[in-house]
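Structure, as structure tokens:
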Amino acid sequence: MKSAFPRAAASGMAGCHTCGKVSPVSLGKCPRCGSSLHLRKFNSIRTTIALMLAAAALYIAANILPIMTVVELGDVSTNTIVSGIKTFWRQGAYPIALVIFAASIMIPLLKMIALTWLCLAASGKLKPSPGMLGKIYWFTELLGRWSMIDIFVVGILVALVQLGNYMTITPGPGALAFAGVVVLTMLAAMSFDPRLLWDRLDLLESTHSLPNSSDS
Amino acid sequence: MHPWPQPQGGPHYSACHFCDTLHEASPLVEGTAARCQCCSAVLYQNRPASLVRSTAFALTSLILMVVVHSFPFLVMDAAAIRTNLTLASASAALIREGSPILGIVLVLFTVVTPLILAGGLLYVCLPLMFGRVAPGGFFVAKWMSKSEPWNMIEVFLLGVLVSLLKLNKVADVHFGLGFWSFAALMVSMAAAVAAIDRHEIWDRLEVAKS
């Protein structure tokens with residue numbers, strides 16, 4: 001069965017990324033808003049994978065290095081993301097512990113797994129099922145920003161807890177690494193082009209239908 | 001208020017941003033949305049009273065931003081010191097304590113991006129109500145849509161709540177007016193962005209310019 005839906009790219013038309021106007025890609029620039037026109041995002045899969053690998057490296061650093069240092073009455077203690085979650089859990093603040101765990105540990109990890117899956121499917125190494133994968137893509141784009149919460153908490157604590165000898169909090173290198181993870185995974189999700197999944201599906205269906213049509 | 005105008009020429013097309021299926025774009029009745037025939041993603045939607053709503057909520061957001069930056073989010077009493085938290089003091093503290101990049105990131109995602117978004121929306125939509133394009137309107141509209149995913153005020157709001165719970169053990173912390181106006185800002189920003197479809201803004205800009 002050949003794809004029943006006409007793709008814009010098949011007739012050399014491209015929808016502008018900024019303003020949505022559909023114009024012939026041969027124009028080079030969108031006649032309405034001046035953004036450059038592409039049939040597909042340029043080097044989408046490679047860019048996505050590169051950004052994601054950088055994010056994965058920073059993710060390890062973010063979880064090992066302290067995100068903040070607390071000096072309380074001369075006692076120095078370093079906090080990592082995991083130790084912060086453990087503290088909330090021990091205090092019985094389970095909902096907050098779960099929110100932080102989801103935002104800081106789960107979401108970045110799930111996002112990287114999802115993007116890897118999407119890239120593999122778009123490059124033909126896995127079965128492309130755009131319906132389900134599309135939901136995953138939409139979900140990763142929606143949730144990514146929430147990982148920033150730990151960075152904001154560090155910022156707020158550093159600003160508030162400057163009580164001289166009694167207690168001071170300073171940001172640690174892990175916080176910077178984690179901010180990098182959030183920004184890089186967001187950029188990775190943006191550079192992925194979901195239309196590649198449909199291209200792959202169309203290709204698969206047209207090659208599968210060839211032997212069938214010659215049989216009948 | 002004029003309905004969503006059609007730019008000159010035609011037929012007009014719409015390509016699904018998700019699966020690239022080409023559709024002929026016909027005008028919609030207010031309050032309805034056009035969906036892709038292939039993957040049922042939303043192609044474009046005609047929001048009711050779009051220009052009035054986006055202008056009103058963008059203006060509300062800008063006013064709330066002034067309040068947000070004038071009053072503290074949290075007020076903490078500990079060790080005989082009263083500390084006020086504002087967005088400016090949080091980023092200043094990060095810069096002072098050796099993380100300038102984090103300070104800049106904080107300001108960028110909670111102050112600059114919402115300002116570009118709300119200010120841009122007002123700058124573009126208010127003149128459009130009178131069928132005009134403000135100078136540089138196309139440029140502003142472009143950057144407005146680019147900044148949208150980086151607006152993180154709701155994330156910061158949750159961050160304030162978590163910080164409050166963390167500090168409750170060591171100090172007496174309570175919410176300031178800044179926190180409540182920030183919560184209102186979150187709602188009003190969401191309403192402003194959802195009030196008008198990107199395609200409608202650009203169609204109106206194109207018509208107003210010609």
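Residues in the structure tokens are named by chain (A, B, ... in the order shown) and by number from 1 within that chain; ligands are numbered from 1 in the order shown.
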Could you build a table of the residues in chain A lying no more than 8 Å from chain B, giving for each the nearest pair of atoms and their separation in Å rounded to one decimal place, using only C-alpha atoms, ordered by chain and ascending residue number, as JSON lines?
{"residue": "A:Phe5", "atom": "CA", "partner": "B:Thr21", "partner_atom": "CA", "distance": 6.1}
{"residue": "A:Pro6", "atom": "CA", "partner": "B:Thr21", "partner_atom": "CA", "distance": 5.6}
{"residue": "A:Arg7", "atom": "CA", "partner": "B:Thr21", "partner_atom": "CA", "distance": 4.3}
{"residue": "A:Ala8", "atom": "CA", "partner": "B:Leu22", "partner_atom": "CA", "distance": 4.8}
{"residue": "A:Ala9", "atom": "CA", "partner": "B:Asp20", "partner_atom": "CA", "distance": 7.2}
{"residue": "A:Ala14", "atom": "CA", "partner": "B:Ala15", "partner_atom": "CA", "distance": 7.4}
{"residue": "A:Gly15", "atom": "CA", "partner": "B:Ala15", "partner_atom": "CA", "distance": 5.5}
{"residue": "A:Thr18", "atom": "CA", "partner": "B:Lys142", "partner_atom": "CA", "distance": 6.4}
{"residue": "A:Cys19", "atom": "CA", "partner": "B:Trp202", "partner_atom": "CA", "distance": 6.0}
{"residue": "A:Gly20", "atom": "CA", "partner": "B:His199", "partner_atom": "CA", "distance": 6.2}
{"residue": "A:Lys21", "atom": "CA", "partner": "B:Ser14", "partner_atom": "CA", "distance": 6.9}
{"residue": "A:Val22", "atom": "CA", "partner": "B:Tyr13", "partner_atom": "CA", "distance": 5.9}
{"residue": "A:Arg32", "atom": "CA", "partner": "B:Glu206", "partner_atom": "CA", "distance": 7.0}
{"residue": "A:Cys33", "atom": "CA", "partner": "B:Phe138", "partner_atom": "CA", "distance": 6.5}
{"residue": "A:Ile96", "atom": "CA", "partner": "B:Val162", "partner_atom": "CA", "distance": 7.1}
{"residue": "A:Gly131", "atom": "CA", "partner": "B:Cys39", "partner_atom": "CA", "distance": 7.1}
{"residue": "A:Arg145", "atom": "CA", "partner": "B:Met152", "partner_atom": "CA", "distance": 6.9}
{"residue": "A:Trp146", "atom": "CA", "partner": "B:Val155", "partner_atom": "CA", "distance": 5.7}
{"residue": "A:Met148", "atom": "CA", "partner": "B:Val155", "partner_atom": "CA", "distance": 6.9}
{"residue": "A:Ile149", "atom": "CA", "partner": "B:Gly159", "partner_atom": "CA", "distance": 5.3}
{"residue": "A:Asp150", "atom": "CA", "partner": "B:Gly159", "partner_atom": "CA", "distance": 7.0}
{"residue": "A:Ile151", "atom": "CA", "partner": "B:Leu102", "partner_atom": "CA", "distance": 7.9}
{"residue": "A:Phe152", "atom": "CA", "partner": "B:Gly159", "partner_atom": "CA", "distance": 5.7}
{"residue": "A:Val153", "atom": "CA", "partner": "B:Gly159", "partner_atom": "CA", "distance": 5.1}
{"residue": "A:Gly155", "atom": "CA", "partner": "B:Ala90", "partner_atom": "CA", "distance": 5.7}
{"residue": "A:Ile156", "atom": "CA", "partner": "B:Ala90", "partner_atom": "CA", "distance": 5.6}
{"residue": "A:Leu157", "atom": "CA", "partner": "B:Ser163", "partner_atom": "CA", "distance": 6.6}
{"residue": "A:Val158", "atom": "CA", "partner": "B:Ala93", "partner_atom": "CA", "distance": 6.4}
{"residue": "A:Ala159", "atom": "CA", "partner": "B:Ala90", "partner_atom": "CA", "distance": 4.7}
{"residue": "A:Leu160", "atom": "CA", "partner": "B:Thr83", "partner_atom": "CA", "distance": 6.1}
{"residue": "A:Leu163", "atom": "CA", "partner": "B:Ala79", "partner_atom": "CA", "distance": 7.0}
{"residue": "A:Tyr166", "atom": "CA", "partner": "B:Ala79", "partner_atom": "CA", "distance": 7.2}
{"residue": "A:Thr170", "atom": "CA", "partner": "B:Glu97", "partner_atom": "CA", "distance": 6.0}
{"residue": "A:Pro171", "atom": "CA", "partner": "B:Ser99", "partner_atom": "CA", "distance": 6.8}
{"residue": "A:Ala175", "atom": "CA", "partner": "B:Leu102", "partner_atom": "CA", "distance": 7.9}
{"residue": "A:Leu176", "atom": "CA", "partner": "B:Leu102", "partner_atom": "CA", "distance": 6.4}
{"residue": "A:Ala179", "atom": "CA", "partner": "B:Leu102", "partner_atom": "CA", "distance": 7.6}
{"residue": "A:Asp193", "atom": "CA", "partner": "B:Phe18", "partner_atom": "CA", "distance": 8.0}
{"residue": "A:Pro194", "atom": "CA", "partner": "B:Phe18", "partner_atom": "CA", "distance": 5.7}
{"residue": "A:Arg195", "atom": "CA", "partner": "B:Cys19", "partner_atom": "CA", "distance": 4.7}
{"residue": "A:Leu197", "atom": "CA", "partner": "B:Cys19", "partner_atom": "CA", "distance": 7.9}
{"residue": "A:Trp198", "atom": "CA", "partner": "B:Cys19", "partner_atom": "CA", "distance": 5.8}
*Can you list, as a PyMOL selection string, all residues belonging to segment 52-186 of chain A that DSSP tags as helix (DSSP H, G or I)?*
chain A and resi 52-64+81-90+94-122+130-160+173-186
Written selection (C-alpha atoms) as a compact mmCIF listing (two decimals), in the first residue's frame:
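And here's part01.txt as it stands now:
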# COMPACT_ATOMS: atom_id res chain seq x y z
CA MET A 52 22.59 13.92 23.32
CA LEU A 53 26.03 12.38 23.82
CA ALA A 54 27.25 15.67 25.27
CA ALA A 55 24.21 15.70 27.54
CA ALA A 56 24.88 12.10 28.64
CA ALA A 57 28.46 12.95 29.62
CA LEU A 58 27.27 15.95 31.62
CA TYR A 59 24.51 13.85 33.18
CA ILE A 60 27.12 11.58 34.78
CA ALA A 61 29.06 14.60 36.04
CA ALA A 62 25.88 16.20 37.34
CA ASN A 63 25.06 13.17 39.44
CA ILE A 64 28.56 12.69 40.88
CA ILE A 81 21.08 15.51 43.58
CA VAL A 82 20.67 12.02 45.04
CA SER A 83 21.52 13.07 48.59
CA GLY A 84 18.91 15.84 48.38
CA ILE A 85 16.26 13.30 47.37
CA LYS A 86 17.36 10.95 50.18
CA THR A 87 17.05 13.74 52.74
CA PHE A 88 13.48 14.53 51.69
CA TRP A 89 12.64 10.81 51.73
CA ARG A 90 14.07 10.35 55.25
CA TYR A 94 7.61 11.61 49.92
CA PRO A 95 5.76 13.69 47.30
CA ILE A 96 8.61 16.22 47.02
CA ALA A 97 11.19 13.44 46.98
CA LEU A 98 9.30 11.85 44.10
CA VAL A 99 8.92 15.17 42.20
CA ILE A 100 12.66 15.87 42.45
CA PHE A 101 13.49 12.28 41.54
CA ALA A 102 11.23 12.47 38.49
CA ALA A 103 12.48 15.89 37.37
CA SER A 104 16.19 15.41 38.00
CA ILE A 105 16.90 11.71 37.49
CA MET A 106 14.05 10.14 35.52
CA ILE A 107 13.13 12.80 32.95
CA PRO A 108 16.66 13.42 31.60
CA LEU A 109 17.29 9.67 31.43
CA LEU A 110 13.96 8.88 29.75
CA LYS A 111 14.52 11.77 27.37
CA MET A 112 17.89 10.44 26.28
CA ILE A 113 16.50 6.91 25.85
CA ALA A 114 13.53 8.26 23.87
CA LEU A 115 15.74 10.36 21.60
CA THR A 116 18.05 7.40 20.95
CA TRP A 117 15.03 5.31 20.03
CA LEU A 118 13.69 8.06 17.76
CA CYS A 119 17.05 8.44 16.01
CA LEU A 120 17.36 4.67 15.49
CA ALA A 121 13.84 4.48 14.11
CA ALA A 122 14.36 7.49 11.82
CA PRO A 130 5.28 7.22 14.00
CA GLY A 131 2.01 7.15 15.93
CA MET A 132 3.50 5.84 19.14
CA LEU A 133 6.92 7.41 18.67
CA GLY A 134 5.22 10.72 18.01
CA LYS A 135 3.62 10.62 21.44
CA ILE A 136 7.02 9.91 22.95
CA TYR A 137 8.52 12.84 21.05
CA TRP A 138 5.74 15.17 22.15
CA PHE A 139 6.15 13.98 25.74
CA THR A 140 9.92 14.59 25.78
CA GLU A 141 9.44 18.10 24.41
CA LEU A 142 6.77 18.82 27.02
CA LEU A 143 8.61 17.49 30.08
CA GLY A 144 12.17 18.58 29.35
CA ARG A 145 11.89 22.01 30.94
CA TRP A 146 10.82 20.63 34.31
CA SER A 147 14.30 19.19 34.91
CA MET A 148 15.43 22.76 35.53
CA ILE A 149 13.74 22.74 38.95
CA ASP A 150 16.82 21.61 40.90
CA ILE A 151 18.89 24.42 39.41
CA PHE A 152 16.28 26.95 40.47
CA VAL A 153 16.17 25.45 43.98
CA VAL A 154 19.96 25.81 44.27
CA GLY A 155 19.68 29.42 43.10
CA ILE A 156 16.98 30.22 45.65
CA LEU A 157 18.81 28.52 48.53
CA VAL A 158 22.08 30.26 47.70
CA ALA A 159 20.28 33.60 47.63
CA LEU A 160 18.44 33.07 50.92
CA PRO A 173 29.96 22.33 39.89
CA GLY A 174 27.23 19.66 39.62
CA ALA A 175 24.59 22.39 39.27
CA LEU A 176 26.33 23.85 36.23
CA ALA A 177 26.67 20.38 34.67
CA PHE A 178 23.00 19.72 35.31
CA ALA A 179 21.93 23.01 33.72
CA GLY A 180 23.99 21.88 30.73
CA VAL A 181 22.09 18.57 30.63
CA VAL A 182 18.73 20.35 30.55
CA VAL A 183 19.72 22.85 27.85
CA LEU A 184 21.44 20.22 25.69
CA THR A 185 18.57 17.70 25.86
CA MET A 186 16.13 20.49 24.96
*Tell me, in Å to one decimal, how far atom CA of Leu122 of chain B is from atom CA of Ala58 of chain B.*
5.6 Å
*asked:* Taking 5 positions as the minimum chain separation for residues in the same chain, which residues sit within 10 Å of Arg53 of chain B when counting only C-alpha atoms? Answer as a list in words.
replied: Arg47, Pro48, Ala58, Leu59, Cys125, Ala191, Ala192, Val193, Ala194, Ala195 and Ile196 of chain B
Residue subset to file, keeping N, CA and C atoms, as a tab-separated table (two decimals), in the first residue's frame:
chain	number	residue	atom	x	y	z
B	47	ARG	N	-8.81	30.71	17.22
B	47	ARG	CA	-9.23	30.98	18.59
B	47	ARG	C	-10.25	32.12	18.60
B	48	PRO	N	-11.26	32.02	19.47
B	48	PRO	CA	-12.23	33.12	19.55
B	48	PRO	C	-11.59	34.38	20.15
B	58	ALA	N	-1.30	39.71	27.42
B	58	ALA	CA	0.11	40.12	27.33
B	58	ALA	C	0.33	41.38	28.17
B	59	LEU	N	-0.63	42.32	28.11
B	59	LEU	CA	-0.53	43.55	28.90
B	59	LEU	C	-0.58	43.22	30.39
B	125	CYS	N	0.47	42.21	18.49
B	125	CYS	CA	-0.99	42.06	18.43
B	125	CYS	C	-1.75	43.38	18.57
B	191	ALA	N	-2.29	31.96	29.27
B	191	ALA	CA	-3.49	32.40	28.56
B	191	ALA	C	-3.13	33.24	27.34
B	192	ALA	N	-2.11	34.12	27.48
B	192	ALA	CA	-1.71	34.98	26.37
B	192	ALA	C	-1.18	34.16	25.21
B	193	VAL	N	-0.34	33.17	25.51
B	193	VAL	CA	0.26	32.36	24.45
B	193	VAL	C	-0.79	31.48	23.77
B	194	ALA	N	-1.74	30.96	24.59
B	194	ALA	CA	-2.76	30.07	24.04
B	194	ALA	C	-3.86	30.83	23.32
B	195	ALA	N	-3.89	32.17	23.47
B	195	ALA	CA	-5.02	32.94	22.93
B	195	ALA	C	-5.00	33.03	21.41
B	196	ILE	N	-3.82	32.94	20.81
B	196	ILE	CA	-3.74	33.16	19.36
B	196	ILE	C	-2.82	32.14	18.70
*DSSP says strand (DSSP E) for which residues of segment 31-95 of chain B? Put them as number ranges by chain?*
B: 33-35, 42-45, 74-78, 81-85
Could you turn the residues from that selection into a file that holds N, CA and C atoms, as a compact mmCIF listing (two decimals), in the first residue's frame?
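Saved to part03.txt:
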# COMPACT_ATOMS: atom_id res chain seq x y z
N ALA B 33 -10.58 23.80 15.22
CA ALA B 33 -9.20 23.54 14.85
C ALA B 33 -9.16 22.63 13.63
N ALA B 34 -8.13 22.82 12.80
CA ALA B 34 -7.92 21.92 11.65
C ALA B 34 -6.90 20.88 12.05
N ARG B 35 -7.22 19.61 11.81
CA ARG B 35 -6.30 18.54 12.17
C ARG B 35 -5.79 17.82 10.93
N VAL B 42 -2.67 18.88 15.36
CA VAL B 42 -3.36 20.14 15.04
C VAL B 42 -2.54 20.92 14.00
N LEU B 43 -3.20 21.30 12.90
CA LEU B 43 -2.52 22.09 11.87
C LEU B 43 -2.56 23.56 12.24
N TYR B 44 -3.75 24.07 12.49
CA TYR B 44 -3.92 25.46 12.93
C TYR B 44 -5.30 25.56 13.55
N GLN B 45 -5.48 26.55 14.41
CA GLN B 45 -6.79 26.70 15.03
C GLN B 45 -7.20 28.16 15.11
N LEU B 74 9.94 35.12 48.74
CA LEU B 74 9.98 34.49 50.05
C LEU B 74 10.64 35.47 51.02
N VAL B 75 10.19 35.45 52.26
CA VAL B 75 10.83 36.23 53.30
C VAL B 75 11.27 35.25 54.36
N MET B 76 12.56 35.28 54.71
CA MET B 76 13.07 34.31 55.66
C MET B 76 13.65 35.02 56.89
N ASP B 77 13.23 34.57 58.08
CA ASP B 77 13.80 35.09 59.32
C ASP B 77 14.63 33.99 59.96
N ALA B 78 15.93 34.19 60.03
CA ALA B 78 16.80 33.19 60.66
C ALA B 78 18.01 33.90 61.21
N ILE B 81 18.40 37.58 61.19
CA ILE B 81 18.57 38.27 59.91
C ILE B 81 17.31 38.03 59.08
N ARG B 82 16.78 39.09 58.49
CA ARG B 82 15.65 38.93 57.58
C ARG B 82 16.18 38.99 56.15
N THR B 83 15.93 37.94 55.37
CA THR B 83 16.40 37.90 53.98
C THR B 83 15.19 37.87 53.06
N ASN B 84 15.22 38.72 52.03
CA ASN B 84 14.16 38.73 51.01
C ASN B 84 14.67 38.08 49.74
N LEU B 85 13.83 37.24 49.15
CA LEU B 85 14.22 36.63 47.89
C LEU B 85 13.45 37.28 46.74
